Structure formats: structure tokens, C-alpha cells
Amino acid sequence: MTTFDVEVVLKNRDFAVKEAVAVPHGPAATWDEAAVYDALVEILRAIGRAQDPQAPRDRPVILTGFSWIVEPLKDDVILAIEIPMGAAVAGPFRMPQARLDALVTNVLRMERQRQAPTTVH
């Protein structure tokens, strides 16, 4: 189990809400696409809980409609996400920036393919 912090700032608010979230995977350096998928879901759920603290912890999430960037922070990296209702910064994660960037890219590509219709009109 890996726990990491998520700091959320909602639109029209001038303060951050910090929450520790966990994913059922080992240290970030060992993560694969499944672990990054779970981390992205938990980050988006944390944003939702910042807006509505009563939101279910297992609320369904679709990985579309957000911007993201992986940024260095000393020897680690952080993952920043922005959606229409606000933004979150998660981490730090002990992993090379290029690796987390590639993993997020792969996860989002797989999610688009999963969500895509099977016919073309």
C-alpha cells in the first residue's frame, strides 16, 4: 500500500485542502499502468471530496477531461491535475519524471481506447 498527499484548490477558493490517499500498490518506483490508473482515480476523487466531503469514497471516475503535468521536486516528482472545478497536486513520488509522464500518457491512451465507440460514422 502506498499513501501520498493530494493538495486540492477549488475554483473561487483561496485555500488548499490536503488529504492523504492510498493505492494498493508498492512504492511509486515500482508502479505500472494499473498503479498509475488507481492513483489518478484517487486524485480525482480527492478533488470531488474537497467540493463535497460527503461524496462516496468509491465514486465512479472516468479519466477524461483534465489537464496534467509531471514536474520535478528535488529528487522526486509531483503530478498536477486541473479540471473545471479546480486543481490538485499529488506526491511527491520517487520516480524519474520521464517514467511517470510515460505511464500517465499510456493510461490515458488506454482509457480513451476503452471509452471509444466501436463503430465509425
# chains A, B, ... in the order shown; residues from 1 in each chain; ligands from 1

$ residues_around --residues "A:Val77" --least-positions-apart "5" --cutoff "7 Å" --atoms "only C-alpha atoms" --output "NGL selection string"
:A and (70-72 or 91-95 or 97)

$ write_last_selection --atoms "C-alpha atoms" --output "PDB file, in the first residue's frame"
ATOM      1  CA  VAL A  70       4.572  15.839 -14.117  1.00  0.00           C
ATOM      2  CA  GLU A  71       7.068  18.222 -12.521  1.00  0.00           C
ATOM      3  CA  PRO A  72      10.359  17.611 -10.707  1.00  0.00           C
ATOM      4  CA  GLY A  91       3.026  13.396  -4.418  1.00  0.00           C
ATOM      5  CA  PRO A  92       5.885  13.569  -4.088  1.00  0.00           C
ATOM      6  CA  PHE A  93       6.717  10.333  -5.862  1.00  0.00           C
ATOM      7  CA  ARG A  94      10.178   8.758  -6.021  1.00  0.00           C
ATOM      8  CA  MET A  95      10.318   8.076  -9.747  1.00  0.00           C
ATOM      9  CA  GLN A  97       9.919  12.382 -14.360  1.00  0.00           C
TER      10      GLN A  97
END

$ atom_distance --atom1 "atom CA of A:Val23" --atom2 "atom CA of A:Thr2"
5.5 Å

$ select_by_dssp --residues "chain A" --states "alpha helix (DSSP H)" --output "PyMOL selection string"
chain A and resi 33-51+97-115

$ closest_residue --among "A:Val17, A:Ala102, A:Leu108, A:Ile83" --to "A:Arg49" --atoms "only C-alpha atoms"
A:Val17

$ closest_residue --among "A:Ala22, A:Val61, A:Ala34, A:Ala87" --to "A:Val8" --atoms "only C-alpha atoms"
A:Ala87

$ residues_around --residues "A:Asn106" --least-positions-apart "4" --cutoff "12 Å" --atoms "only C-alpha atoms" --output "PyMOL selection string"
chain A and resi 32-37+63+99-102+110-113

$ write_last_selection --atoms "C-alpha atoms" --output "compact mmCIF listing (two decimals), in the first residue's frame"
# COMPACT_ATOMS: atom_id res chain seq x y z
CA ASP A 32 2.98 0.22 -13.71
CA GLU A 33 -0.06 1.44 -15.65
CA ALA A 34 -2.50 -0.22 -13.23
CA ALA A 35 -0.98 1.61 -10.27
CA VAL A 36 -0.97 4.95 -12.09
CA TYR A 37 -4.60 4.40 -13.12
CA LEU A 63 -10.20 9.57 -16.84
CA ARG A 99 8.76 7.44 -16.44
CA LEU A 100 5.72 8.88 -14.64
CA ASP A 101 4.98 11.05 -17.66
CA ALA A 102 5.05 7.98 -19.94
CA MET A 110 -5.77 3.09 -22.86
CA GLU A 111 -8.73 4.87 -21.21
CA ARG A 112 -9.60 6.68 -24.47
CA GLN A 113 -9.46 3.39 -26.37

$ closest_residue --among "A:Ile69, A:Met85, A:Ala46, A:Val107" --to "A:Arg13" --atoms "only C-alpha atoms"
A:Met85

$ select_by_dssp --residues "stretch 25-103 of chain A" --states "strand (DSSP E or B)" --output "ChimeraX atom specification"
/A:67-73,76-83,86-93

$ closest_residue --among "A:Leu73, A:Ala88, A:Asp5, A:Pro24" --to "A:Asp38" --atoms "only C-alpha atoms"
A:Pro24

$ closest_residue --among "A:Lys18, A:Gly48, A:Thr64, A:Arg59" --to "A:Arg109" --atoms "only C-alpha atoms"
A:Thr64
